[in-house]
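Quick look at target-v5.tsv (TSV, C-alpha atoms and all ligand atoms):
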chain	number	residue	atom	x	y	z
A	63	MET	CA	16.54	-0.28	-2.46
A	64	SER	CA	14.34	2.47	-1.13
A	65	SER	CA	15.28	4.94	1.57
A	66	GLN	CA	11.62	5.73	2.13
A	67	ILE	CA	9.75	5.01	5.33
A	68	SER	CA	9.15	1.35	5.67
A	69	GLY	CA	6.05	-0.19	4.10
A	70	PRO	CA	5.03	-3.82	3.51
A	71	ALA	CA	7.51	-4.19	0.64
A	72	ALA	CA	10.51	-2.97	2.63
A	73	THR	CA	9.57	-5.21	5.56
A	74	ALA	CA	9.30	-8.20	3.23
A	75	ARG	CA	12.65	-7.40	1.65
A	76	ALA	CA	14.34	-7.12	5.02
A	77	SER	CA	13.32	-10.74	5.72
A	78	LEU	CA	15.04	-12.12	2.58
A	79	ASN	CA	18.57	-13.47	2.46
A	80	ALA	CA	21.27	-12.16	0.13
A	81	SER	CA	20.79	-14.89	-2.46
A	82	GLN	CA	17.02	-14.24	-2.67
A	83	ILE	CA	17.69	-10.53	-3.16
A	84	ALA	CA	20.28	-11.27	-5.84
A	85	PHE	CA	17.73	-13.58	-7.54
A	86	ILE	CA	15.12	-10.78	-7.64
A	87	GLU	CA	17.63	-8.23	-8.89
A	88	ALA	CA	18.78	-10.49	-11.71
A	89	LEU	CA	15.31	-11.43	-12.98
A	90	PRO	CA	14.36	-9.63	-16.21
A	91	LYS	CA	11.30	-7.60	-15.13
A	92	ALA	CA	8.74	-5.26	-16.71
A	93	GLU	CA	6.86	-2.53	-14.82
A	94	LEU	CA	3.57	-2.07	-16.63
A	95	HIS	CA	1.42	-0.21	-14.08
A	96	ALA	CA	3.12	2.91	-12.71
A	97	HIS	CA	1.33	6.27	-12.50
A	98	LEU	CA	3.76	9.12	-13.14
A	99	ASN	CA	2.49	11.54	-10.51
A	100	GLY	CA	2.29	8.79	-7.91
A	101	SER	CA	5.87	7.69	-8.53
A	102	ILE	CA	7.90	10.89	-8.14
A	103	PRO	CA	10.66	10.43	-5.54
A	104	ILE	CA	9.92	12.51	-2.42
A	105	SER	CA	13.38	14.14	-2.68
A	106	GLU	CA	12.47	15.56	-6.09
A	107	LEU	CA	9.08	16.85	-4.90
A	108	GLN	CA	10.71	18.49	-1.90
A	109	LYS	CA	13.34	20.16	-4.09
A	110	MET	CA	10.66	21.51	-6.40
A	111	ALA	CA	8.56	22.73	-3.46
A	112	HIS	CA	11.64	24.52	-2.00
A	113	GLU	CA	12.48	26.26	-5.23
A	114	LEU	CA	9.04	27.78	-5.57
A	115	SER	CA	8.20	30.93	-3.70
A	116	ASP	CA	5.70	30.74	-0.87
A	117	ALA	CA	3.22	32.55	-3.05
A	118	GLU	CA	3.46	29.76	-5.60
A	119	THR	CA	3.06	26.92	-3.15
A	120	SER	CA	0.11	27.28	-0.87
A	121	ASP	CA	0.05	25.97	2.70
A	122	ALA	CA	-2.10	23.12	1.46
A	123	VAL	CA	0.62	22.07	-1.00
A	124	GLN	CA	3.33	22.28	1.66
A	125	ALA	CA	1.16	20.26	4.03
A	126	GLY	CA	0.49	17.68	1.31
A	127	ILE	CA	4.21	17.23	0.60
A	128	ALA	CA	4.98	16.96	4.33
A	129	LYS	CA	2.30	14.29	4.66
A	130	LEU	CA	3.76	12.30	1.78
A	131	LYS	CA	7.21	12.58	3.36
A	132	ASP	CA	6.00	11.25	6.68
A	133	GLY	CA	4.35	8.25	5.03
A	134	VAL	CA	0.62	8.46	4.48
A	135	VAL	CA	-1.77	6.18	6.29
A	136	LEU	CA	-4.99	5.63	4.38
A	137	ASP	CA	-8.16	4.60	6.11
A	138	GLU	CA	-9.74	3.87	2.80
A	139	ILE	CA	-8.99	4.14	-0.89
A	140	SER	CA	-10.95	7.38	-1.45
A	141	GLU	CA	-8.44	9.22	0.79
A	142	PHE	CA	-5.71	8.22	-1.63
A	143	PHE	CA	-7.02	10.53	-4.34
A	144	ASN	CA	-6.71	13.57	-2.03
A	145	LEU	CA	-2.93	13.23	-2.21
A	146	PHE	CA	-2.70	14.40	-5.80
A	147	PRO	CA	-3.59	18.13	-5.68
A	148	ALA	CA	-0.32	18.86	-3.81
A	149	ILE	CA	1.74	16.91	-6.35
A	150	TYR	CA	-0.16	18.38	-9.29
A	151	ALA	CA	0.59	21.91	-8.05
A	152	LEU	CA	4.29	21.10	-8.56
A	153	THR	CA	4.08	19.34	-11.94
A	154	SER	CA	1.96	22.03	-13.53
A	155	ASN	CA	4.36	23.40	-16.13
A	156	PRO	CA	6.33	21.61	-18.87
A	157	ALA	CA	9.75	22.20	-17.27
A	158	ARG	CA	8.83	20.80	-13.86
A	159	LEU	CA	6.78	17.99	-15.42
A	160	ARG	CA	9.82	16.97	-17.46
A	161	ARG	CA	11.99	17.08	-14.39
A	162	ALA	CA	9.56	14.93	-12.42
A	163	THR	CA	9.29	12.46	-15.32
A	164	ARG	CA	13.07	12.25	-15.57
A	165	ALA	CA	13.29	11.42	-11.86
A	166	VAL	CA	10.63	8.71	-12.18
A	167	LEU	CA	12.34	7.12	-15.18
A	168	ALA	CA	15.69	7.20	-13.38
A	169	GLN	CA	14.16	5.59	-10.31
A	170	PHE	CA	12.96	2.62	-12.36
A	171	LEU	CA	15.59	2.31	-15.06
A	172	ASP	CA	18.95	3.73	-13.96
A	173	GLY	CA	21.70	2.38	-11.78
A	174	LEU	CA	23.73	-0.78	-11.61
A	175	ARG	CA	20.75	-2.90	-10.63
A	176	PRO	CA	17.72	-1.13	-12.10
A	177	GLN	CA	14.28	-1.88	-10.67
A	178	CYS	CA	13.17	-3.12	-14.08
A	179	ASP	CA	14.38	-3.72	-17.61
A	180	TYR	CA	11.31	-2.17	-19.23
A	181	LEU	CA	8.87	0.49	-18.01
A	182	GLU	CA	5.47	1.40	-19.40
A	183	LEU	CA	4.83	4.64	-17.54
A	184	ARG	CA	1.29	6.02	-17.54
A	185	SER	CA	-0.02	9.53	-17.00
A	186	THR	CA	-3.22	11.56	-17.37
A	187	PRO	CA	-2.83	14.55	-19.73
A	188	ARG	CA	-3.54	17.68	-17.70
A	189	LYS	CA	-4.42	21.17	-18.89
A	190	THR	CA	-3.00	23.92	-16.68
A	191	PRO	CA	-2.58	27.69	-17.13
A	192	GLU	CA	0.95	26.91	-18.42
A	193	MET	CA	0.31	23.98	-20.78
A	194	GLY	CA	-2.32	22.22	-22.82
A	195	ARG	CA	-2.87	18.45	-22.82
A	196	MET	CA	-0.82	17.97	-25.99
A	197	ASP	CA	2.09	19.93	-24.40
A	198	TYR	CA	1.75	17.68	-21.35
A	199	VAL	CA	2.07	14.45	-23.32
A	200	ARG	CA	4.90	15.78	-25.49
A	201	ALA	CA	6.84	16.85	-22.39
A	202	VAL	CA	6.51	13.38	-20.83
A	203	LEU	CA	7.37	11.67	-24.12
A	204	ASP	CA	10.50	13.78	-24.58
A	205	GLU	CA	11.80	12.22	-21.37
A	206	VAL	CA	10.55	8.67	-22.05
A	207	GLU	CA	12.24	8.73	-25.46
A	208	ARG	CA	15.65	9.49	-23.95
A	209	TYR	CA	15.68	5.72	-23.31
A	210	PRO	CA	15.71	3.10	-26.08
A	211	LYS	CA	12.33	1.70	-27.08
A	212	GLU	CA	13.18	-1.65	-25.50
A	213	ARG	CA	13.28	0.13	-22.14
A	214	ALA	CA	10.49	2.72	-21.91
A	215	ALA	CA	7.13	3.67	-23.37
A	216	LEU	CA	4.08	5.73	-22.44
A	217	ILE	CA	0.45	4.90	-21.78
A	218	VAL	CA	-2.02	7.82	-21.85
A	219	SER	CA	-4.48	7.60	-18.95
A	220	LEU	CA	-8.11	8.64	-19.07
A	221	ASP	CA	-9.56	9.59	-15.70
A	222	ARG	CA	-12.99	8.17	-14.82
A	223	ARG	CA	-14.13	11.72	-13.99
A	224	MET	CA	-13.32	13.07	-17.48
A	225	THR	CA	-16.07	14.41	-19.68
A	226	ALA	CA	-16.58	12.71	-23.04
A	227	ASP	CA	-14.95	15.70	-24.77
A	228	VAL	CA	-11.81	15.57	-22.68
A	229	ALA	CA	-11.56	11.79	-23.08
A	230	ARG	CA	-11.92	12.25	-26.86
A	231	GLU	CA	-9.16	14.87	-26.84
A	232	CYS	CA	-6.80	12.58	-24.88
A	233	VAL	CA	-7.36	9.62	-27.20
A	234	GLU	CA	-6.87	11.90	-30.20
A	235	ILE	CA	-3.58	13.14	-28.75
A	236	ALA	CA	-2.42	9.55	-28.23
A	237	ARG	CA	-3.50	8.56	-31.74
A	238	LEU	CA	-1.82	11.54	-33.43
A	239	LEU	CA	1.42	11.13	-31.53
A	240	LYS	CA	1.54	7.41	-32.29
A	241	GLU	CA	1.00	8.25	-35.96
A	242	GLU	CA	3.92	10.70	-35.73
A	243	GLY	CA	6.05	7.79	-34.55
A	244	ARG	CA	6.15	8.91	-30.92
A	245	ARG	CA	6.29	6.20	-28.24
A	246	VAL	CA	2.68	6.07	-27.05
A	247	VAL	CA	1.67	2.42	-26.74
A	248	GLY	CA	-1.65	2.37	-24.94
A	249	ILE	CA	-4.64	3.95	-23.23
A	250	ASP	CA	-5.52	3.41	-19.58
A	251	LEU	CA	-8.66	4.09	-17.59
A	252	CYS	CA	-7.94	5.12	-14.00
A	253	GLY	CA	-9.06	7.53	-11.26
A	254	ASP	CA	-11.35	7.32	-8.27
A	255	PRO	CA	-13.08	3.92	-8.68
A	256	LYS	CA	-16.28	5.34	-7.23
A	257	ALA	CA	-16.54	8.15	-9.80
A	258	GLY	CA	-17.75	8.43	-13.37
A	259	ASP	CA	-20.05	6.75	-15.85
A	260	MET	CA	-18.26	4.06	-17.83
A	261	GLY	CA	-20.63	4.40	-20.80
A	262	THR	CA	-18.77	7.66	-21.54
A	263	PHE	CA	-15.69	5.81	-22.68
A	264	SER	CA	-16.92	3.12	-25.06
A	265	GLU	CA	-16.38	4.99	-28.36
A	266	HIS	CA	-12.98	6.25	-27.21
A	267	PHE	CA	-11.67	2.76	-26.60
A	268	SER	CA	-12.84	1.72	-30.08
A	269	VAL	CA	-10.96	4.64	-31.64
A	270	ALA	CA	-7.86	3.79	-29.61
A	271	LYS	CA	-8.01	0.14	-30.63
A	272	ARG	CA	-8.35	1.01	-34.30
A	273	ALA	CA	-5.25	3.17	-33.93
A	274	GLY	CA	-3.32	0.14	-32.68
A	275	LEU	CA	-3.10	1.30	-29.07
A	276	GLY	CA	-3.28	-1.28	-26.27
A	277	ILE	CA	-6.15	-0.86	-23.78
A	278	THR	CA	-5.71	-1.37	-20.06
A	279	LEU	CA	-8.54	-0.68	-17.62
A	280	HIS	CA	-8.61	-0.32	-13.84
A	281	ILE	CA	-11.46	-2.66	-13.11
A	282	ALA	CA	-13.31	-3.86	-9.99
A	283	GLU	CA	-10.72	-2.15	-7.81
A	284	THR	CA	-13.12	-1.81	-4.86
A	285	SER	CA	-16.13	-3.71	-3.59
A	286	ALA	CA	-18.20	-0.64	-4.51
A	287	ASN	CA	-17.65	-1.26	-8.24
A	288	SER	CA	-20.79	-2.96	-9.51
A	289	ASP	CA	-20.76	-6.26	-11.41
A	290	GLU	CA	-22.68	-4.47	-14.14
A	291	GLU	CA	-19.90	-1.89	-14.53
A	292	THR	CA	-17.27	-4.64	-14.56
A	293	LEU	CA	-19.03	-6.51	-17.36
A	294	GLN	CA	-19.47	-3.27	-19.28
A	295	LEU	CA	-15.73	-2.59	-19.07
A	296	LEU	CA	-14.94	-6.16	-20.14
A	297	SER	CA	-17.20	-5.70	-23.17
A	298	TYR	CA	-14.64	-3.16	-24.47
A	299	ALA	CA	-12.26	-6.11	-24.93
A	300	PRO	CA	-9.32	-4.69	-22.96
A	301	ASP	CA	-5.83	-6.05	-23.55
A	302	ARG	CA	-4.88	-5.85	-19.86
A	303	LEU	CA	-6.65	-5.18	-16.58
A	304	GLY	CA	-5.54	-3.18	-13.55
A	305	HIS	CA	-6.21	-4.71	-10.10
A	306	ALA	CA	-9.34	-6.81	-10.95
A	307	THR	CA	-9.75	-7.40	-7.22
A	308	PHE	CA	-13.51	-7.87	-7.03
A	309	LEU	CA	-14.45	-9.92	-10.10
A	310	ASN	CA	-17.49	-12.14	-9.73
A	311	ASP	CA	-17.52	-15.66	-11.17
A	312	GLU	CA	-18.94	-14.57	-14.51
A	313	ALA	CA	-16.27	-11.89	-14.90
A	314	LYS	CA	-13.51	-14.28	-13.80
A	315	THR	CA	-14.60	-16.81	-16.41
A	316	ALA	CA	-14.63	-14.13	-19.12
A	317	VAL	CA	-11.19	-12.83	-18.12
A	318	ARG	CA	-9.73	-16.32	-18.00
A	319	SER	CA	-11.14	-17.39	-21.33
A	320	ALA	CA	-9.84	-14.18	-22.96
A	321	LYS	CA	-6.48	-14.73	-21.16
A	322	THR	CA	-6.38	-11.02	-20.34
A	323	PRO	CA	-3.25	-10.26	-18.29
A	324	ILE	CA	-3.89	-8.71	-14.86
A	325	GLU	CA	-1.63	-6.02	-13.43
A	326	ILE	CA	-1.24	-6.84	-9.74
A	327	CYS	CA	-0.06	-4.22	-7.22
A	328	LEU	CA	0.30	-5.90	-3.81
A	329	SER	CA	1.39	-2.96	-1.61
A	330	SER	CA	-1.24	-0.72	-3.17
A	331	ASN	CA	-3.99	-3.24	-2.42
A	332	LEU	CA	-2.81	-3.68	1.17
A	333	LEU	CA	-2.41	0.02	1.94
A	334	CYS	CA	-5.69	0.98	0.27
A	335	LYS	CA	-7.25	-1.88	2.25
A	336	THR	CA	-8.92	-3.45	-0.78
A	337	VAL	CA	-7.17	-6.71	0.18
A	338	VAL	CA	-7.05	-7.35	3.91
A	339	GLN	CA	-4.03	-9.61	3.97
A	340	LEU	CA	-1.71	-11.24	1.48
A	341	ASP	CA	-2.98	-14.77	1.96
A	342	ALA	CA	-6.41	-13.56	0.77
A	343	HIS	CA	-4.94	-11.97	-2.37
A	344	HIS	CA	-6.52	-12.84	-5.73
A	345	LEU	CA	-3.04	-13.34	-7.21
A	346	ARG	CA	-3.13	-16.88	-5.80
A	347	TYR	CA	-6.26	-17.75	-7.76
A	348	TYR	CA	-4.74	-16.56	-11.04
A	349	LEU	CA	-1.42	-18.21	-10.31
A	350	GLU	CA	-3.15	-21.54	-9.67
A	351	HIS	CA	-4.92	-21.22	-13.01
A	352	ASP	CA	-1.72	-20.23	-14.82
A	353	HIS	CA	-3.41	-16.99	-15.85
A	354	PRO	CA	-1.13	-14.14	-17.07
A	355	ILE	CA	-0.19	-11.64	-14.37
A	356	ALA	CA	2.15	-8.65	-14.31
A	357	ILE	CA	3.60	-7.63	-10.92
A	358	CYS	CA	3.61	-3.82	-10.67
A	359	THR	CA	3.96	-0.94	-8.18
A	360	ASP	CA	1.04	1.45	-8.96
A	361	ASP	CA	2.38	4.49	-7.05
A	362	THR	CA	5.81	4.03	-5.46
A	363	LEU	CA	5.64	7.16	-3.29
A	364	PRO	CA	2.46	6.71	-1.22
A	365	PHE	CA	2.76	2.92	-1.24
A	366	ARG	CA	6.43	3.12	-0.15
A	367	THR	CA	7.50	0.49	-2.62
A	368	SER	CA	9.64	-0.36	-5.63
A	369	LEU	CA	9.34	-3.11	-8.22
A	370	GLN	CA	11.97	-5.18	-6.43
A	371	GLY	CA	10.00	-4.60	-3.22
A	372	GLU	CA	6.87	-6.04	-4.86
A	373	TYR	CA	8.89	-9.11	-5.87
A	374	ALA	CA	10.14	-9.34	-2.28
A	375	LEU	CA	6.48	-9.57	-1.20
A	376	LEU	CA	6.11	-12.57	-3.50
A	377	MET	CA	9.08	-14.38	-1.99
A	378	ALA	CA	8.99	-13.49	1.71
A	379	LEU	CA	7.44	-16.13	3.93
A	380	PRO	CA	3.92	-15.56	5.31
A	381	PRO	CA	2.73	-13.44	6.98
A	382	LEU	CA	5.21	-10.90	5.48
A	383	GLY	CA	4.87	-12.23	1.96
A	384	LEU	CA	3.31	-14.93	-0.19
A	385	GLY	CA	6.15	-17.43	0.20
A	386	LEU	CA	6.30	-18.26	-3.53
A	387	SER	CA	9.12	-20.42	-4.89
A	388	GLU	CA	11.82	-19.09	-7.22
A	389	VAL	CA	10.22	-21.06	-10.05
A	390	GLU	CA	6.87	-19.32	-9.45
A	391	VAL	CA	8.47	-15.89	-9.13
A	392	ARG	CA	10.45	-16.38	-12.33
A	393	ARG	CA	7.26	-17.40	-14.12
A	394	LEU	CA	5.52	-14.22	-12.88
A	395	ALA	CA	8.39	-12.06	-14.14
A	396	GLU	CA	8.20	-13.77	-17.54
A	397	MET	CA	4.44	-13.18	-17.68
A	398	GLY	CA	5.04	-9.48	-16.95
A	399	MET	CA	7.51	-9.24	-19.83
A	400	ALA	CA	5.08	-11.07	-22.14
A	401	ALA	CA	2.27	-8.60	-21.35
A	402	ARG	CA	4.12	-5.49	-22.65
A	403	PHE	CA	2.32	-3.31	-25.20
A	404	GLY	CA	5.55	-1.92	-26.61
A	405	ALA	CA	9.09	-3.25	-27.19
A	501	LIG	C1	-7.00	4.37	-9.72
A	501	LIG	C2	-5.11	5.67	-9.73
A	501	LIG	C3	-4.50	4.82	-8.77
A	501	LIG	O1	-1.96	10.12	-14.15
A	501	LIG	O2	-1.45	12.19	-12.88
A	501	LIG	N1	-4.24	6.64	-10.00
A	501	LIG	N2	-6.34	5.44	-10.19
A	501	LIG	N3	-6.50	3.52	-8.79
A	501	LIG	C4	-5.24	3.72	-8.30
A	501	LIG	N4	-4.78	2.84	-7.36
A	501	LIG	C5	-4.76	3.12	-5.99
A	501	LIG	N5	-3.28	5.30	-8.52
A	501	LIG	C6	-3.13	6.42	-9.27
A	501	LIG	O3	-0.95	9.93	-11.86
A	501	LIG	C7	-1.82	10.12	-10.79
A	501	LIG	C8	-3.23	9.70	-11.13
A	501	LIG	O4	-3.28	8.29	-11.37
A	501	LIG	C9	-4.51	7.75	-10.93
A	501	LIG	C10	-5.29	8.87	-10.25
A	501	LIG	O5	-6.24	9.38	-11.16
A	501	LIG	C11	-4.21	9.91	-9.97
A	501	LIG	O6	-4.74	11.21	-9.94
A	501	LIG	P1	-0.99	10.80	-13.22
A	501	LIG	O7	0.42	10.79	-13.69
Structure re-expressed in structure tokens:
Amino acid sequence: MSSQISGPAATARASLNASQIAFIEALPKAELHAHLNGSIPISELQKMAHELSDAETSDAVQAGIAKLKDGVVLDEISEFFNLFPAIYALTSNPARLRRATRAVLAQFLDGLRPQCDYLELRSTPRKTPEMGRMDYVRAVLDEVERYPKERAALIVSLDRRMTADVARECVEIARLLKEEGRRVVGIDLCGDPKAGDMGTFSEHFSVAKRAGLGITLHIAETSANSDEETLQLLSYAPDRLGHATFLNDEAKTAVRSAKTPIEICLSSNLLCKTVVQLDAHHLRYYLEHDHPIAICTDDTLPFRTSLQGEYALLMALPPLGLGLSEVEVRRLAEMGMAARFGA
């Protein structure tokens, strides 16, 4: 699996026997919640950082890459967002963005026992001195479309900190590219959960829906997200939800009656400390109610995980994992496949 520094997923995997590992590898699985710039293998980032001259990579970027290599420890989720400037400095032109995307796709989809059968990769269109947002999305799509449509698709992310104009531009890019027949299947809302005004996004989700794009929203990711904000986001009738860790009873009832699939990222929740331990994880509640769930990685690099690692967390015995049965794990994998926007 991963040669990265050990995290909860690797520890859980190490506790499984060969037949459990073979079971996980053989399960048809979909990865529906993976952020491109959080999923670039460290070896690829290091290569890119080496190839650039010192003038091009500042000390801060070098320090950021070194920190990622050593395995970041986060005291709280807000620290997580400080990791991205170093990565963004490397994926700031179309050629290097394509290279990074190719490495991410290979990590999930290539090899004898790929991490997953289908990947919906997501990324936030970025404008840099060397590319516009449309160039950004086209560059990523060029790589995604090297795989058949049954294997890979793209979700365009909106960042909570975006202005209304930038959000409009991103949705327009997604809509136009979909119309051109390119493989954009959805719109996501992500970014620092403590930032932004969610009223900014309402009209953009309507436009995206009318264009036939799926909507997935990071929602109630931290205890600081207000119930009011959560209900506002649910009023946009999303097709899937990311995390949904801190839903109150009213929100839970709404989500269950709409049967909205929830993308669950166990290592991410543990390392960002939004869930203190696995036996307190909200996955259990949804599993008990037979509510649709998709098991996902979020950001493989900082969370030191892989999709098979997340499945290992499901199977490993407590306290390393949730101790779910093969029947339950198979059901979760099937629910993940059923929640795809594309394919
Ligand atoms: C919220 C997250 C996230 O889009 O540049 N991102 N947003 N919660 C999370 N869970 C901890 N993990 C990643 O990938 C990186 C961007 O994805 C969002 C952040 O906005 C981050 O800057 P892209 O490819």
Counting only C-alpha atoms and all ligand atoms, what are the residues of chain A within 6 Å of ligand LIG 501 (chain A), and for each of them which pair of atoms is the nearest and at what distance in Å, to one decimal? Sort the table by chain and rising number, as CSV.
residue,atom,partner,partner_atom,distance
A:His97,CA,A:LIG501,O3,4.4
A:Leu98,CA,A:LIG501,O7,3.8
A:Asn99,CA,A:LIG501,O7,3.9
A:Gly100,CA,A:LIG501,C7,5.2
A:Phe146,CA,A:LIG501,O6,5.6
A:Ser185,CA,A:LIG501,O1,3.5
A:Thr186,CA,A:LIG501,O1,3.7
A:Ser219,CA,A:LIG501,O1,6.0
A:Asp221,CA,A:LIG501,O5,5.6
A:Cys252,CA,A:LIG501,N2,4.1
A:Gly253,CA,A:LIG501,O5,3.4
A:Asp254,CA,A:LIG501,C1,5.5
A:Ser330,CA,A:LIG501,C5,5.9
A:Asp360,CA,A:LIG501,N5,5.8
A:Asp361,CA,A:LIG501,N5,5.9
Quiz item: Hey, which of A:Glu106, A:Glu283, A:Glu265, A:Glu231 ends up closest to A:Ser297? Count all atoms listed in the file.
Solution: A:Glu265
Practice problem: May I have the protein, DNA and RNA residues with an atom at most 6 Å from (-3.8, -3.7, -13.7), counting all atoms listed in the file in the file's coordinates, returned as a PyMOL selection string? | Solution: chain A and resi 280+303-305+324-326
Self-check item: Atomic distance atom CA of A:Glu372 - atom CA of A:Lys314, expressed in Å with one decimal
Solution: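 Result for atom CA of A:Glu372 versus atom CA of A:Lys314: 23.7 Å, one decimal.
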Using all atoms listed in the file, find each residue in stretch 371-390 of chain A having at least one atom no more than 9 Å away from stretch 335-340 of chain A; report its shortest atom-to-atom pair and that distance in Å (one decimal), rows by chain then rising number, as a Markdown table.
| residue | atom | partner | partner_atom | distance |
| --- | --- | --- | --- | --- |
| A:Leu375 | CA | A:Leu340 | CA | 8.8 |
| A:Pro380 | CA | A:Leu340 | CA | 8.1 |
| A:Pro381 | CA | A:Leu340 | CA | 7.4 |
| A:Leu382 | CA | A:Leu340 | CA | 8.0 |
| A:Gly383 | CA | A:Leu340 | CA | 6.7 |
| A:Leu384 | CA | A:Leu340 | CA | 6.5 |
Practice problem: Would you list the contacts of stretch 234-248 of chain A as an MDAnalysis selection string, taking every protein, DNA or RNA residue within 7 Å and counting only C-alpha atoms, but skipping same-chain residues closer than 5 positions in sequence? | Solution: chainID A and resid 196 203 215:218 270 273 275:277 403:404
Practice problem: Using all atoms listed in the file, pick whichever of A:Lys131, A:Arg208, A:Arg230, A:His112 has the shortest atom-to-atom distance to A:Leu152. | Solution: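 Looking only at the distances to A:Leu152, the closest residue turns out to be A:His112.
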Quiz item: atom CA of A:Val389 to atom CA of A:Lys91: how many Å, to one decimal?
Solution: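 Going from atom CA of A:Val389 over to atom CA of A:Lys91 covers 14.4 Å.
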Quiz item: Residues at most 12 Å from A:Pro300, counting all atoms listed in the file, excluding those fewer than 5 positions away in the same chain, as JSON, numbers by chain?
Solution: {"A": [248, 249, 250, 251, 264, 267, 268, 270, 271, 275, 276, 277, 278, 279, 280, 281, 292, 293, 294, 295, 316, 317, 320, 321, 322, 323, 324, 403]}
Quiz prompt | A:Arg393 environment, 12 Å, only C-alpha atoms, sequence neighbours closer than 6 positions dropped, as number ranges by chain | solution = A: 89-91, 349, 352-357, 373, 376, 386-387, 399-400
Keeping C-alpha atoms for every residue in the selection just given, could you write it to a file as a JSON list (two decimals), keeping the file's coordinate frame?
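result.json written:
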[["chain", "number", "residue", "atom", "x", "y", "z"],
["A", 89, "LEU", "CA", 15.31, -11.43, -12.98],
["A", 90, "PRO", "CA", 14.36, -9.63, -16.21],
["A", 91, "LYS", "CA", 11.30, -7.60, -15.13],
["A", 349, "LEU", "CA", -1.42, -18.21, -10.31],
["A", 352, "ASP", "CA", -1.72, -20.23, -14.82],
["A", 353, "HIS", "CA", -3.41, -16.99, -15.85],
["A", 354, "PRO", "CA", -1.13, -14.14, -17.07],
["A", 355, "ILE", "CA", -0.19, -11.64, -14.37],
["A", 356, "ALA", "CA", 2.15, -8.65, -14.31],
["A", 357, "ILE", "CA", 3.60, -7.63, -10.92],
["A", 373, "TYR", "CA", 8.89, -9.11, -5.87],
["A", 376, "LEU", "CA", 6.11, -12.57, -3.50],
["A", 386, "LEU", "CA", 6.30, -18.26, -3.53],
["A", 387, "SER", "CA", 9.12, -20.42, -4.89],
["A", 399, "MET", "CA", 7.51, -9.24, -19.83],
["A", 400, "ALA", "CA", 5.08, -11.07, -22.14]]
Exercise. State, in Å with one decimal place, the distance from atom CA of A:Gln108 to atom CA of A:Arg195.
Key: 24.9 Å
Please report, as AutoDock Vina command-line options, the centre and edge lengths in Å to one decimal of an axis-aligned box covering all listed atoms of stretch 127-131 of chain A with 4 Å per side.
--center_x 4.8 --center_y 14.8 --center_z 2.6 --size_x 12.9 --size_y 12.9 --size_z 12.1
Quiz item: For A:Ser319, which residue out of A:Val199, A:Arg161, A:Pro103, A:Leu296 is the nearest one, using all atoms listed in the file?
Solution: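 Smallest distance to A:Ser319 is found for A:Leu296.
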Rebuild N, CA and C atoms on stretch 152-164 of chain A, as a compact mmCIF listing (two decimals), in the frame of the given file?
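out-v1.txt, written as the output of this step:
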# COMPACT_ATOMS: atom_id res chain seq x y z
N LEU A 152 2.86 21.02 -8.23
CA LEU A 152 4.29 21.10 -8.56
C LEU A 152 4.59 20.69 -10.00
N THR A 153 3.81 19.79 -10.56
CA THR A 153 4.08 19.34 -11.94
C THR A 153 3.13 20.02 -12.92
N SER A 154 2.99 21.33 -12.75
CA SER A 154 1.96 22.03 -13.53
C SER A 154 2.52 22.83 -14.69
N ASN A 155 3.84 22.79 -14.90
CA ASN A 155 4.36 23.40 -16.13
C ASN A 155 5.31 22.43 -16.82
N PRO A 156 5.56 22.62 -18.13
CA PRO A 156 6.33 21.61 -18.87
C PRO A 156 7.71 21.35 -18.27
N ALA A 157 8.38 22.40 -17.78
CA ALA A 157 9.75 22.20 -17.27
C ALA A 157 9.75 21.30 -16.03
N ARG A 158 8.84 21.60 -15.09
CA ARG A 158 8.83 20.80 -13.86
C ARG A 158 8.26 19.40 -14.11
N LEU A 159 7.32 19.31 -15.06
CA LEU A 159 6.78 17.99 -15.42
C LEU A 159 7.89 17.12 -16.00
N ARG A 160 8.71 17.72 -16.87
CA ARG A 160 9.82 16.97 -17.46
C ARG A 160 10.80 16.51 -16.39
N ARG A 161 11.06 17.41 -15.47
CA ARG A 161 11.99 17.08 -14.39
C ARG A 161 11.45 15.92 -13.54
N ALA A 162 10.18 16.00 -13.21
CA ALA A 162 9.56 14.93 -12.42
C ALA A 162 9.60 13.61 -13.20
N THR A 163 9.30 13.68 -14.49
CA THR A 163 9.29 12.46 -15.32
C THR A 163 10.68 11.85 -15.36
N ARG A 164 11.68 12.72 -15.51
CA ARG A 164 13.07 12.25 -15.57
C ARG A 164 13.43 11.50 -14.28
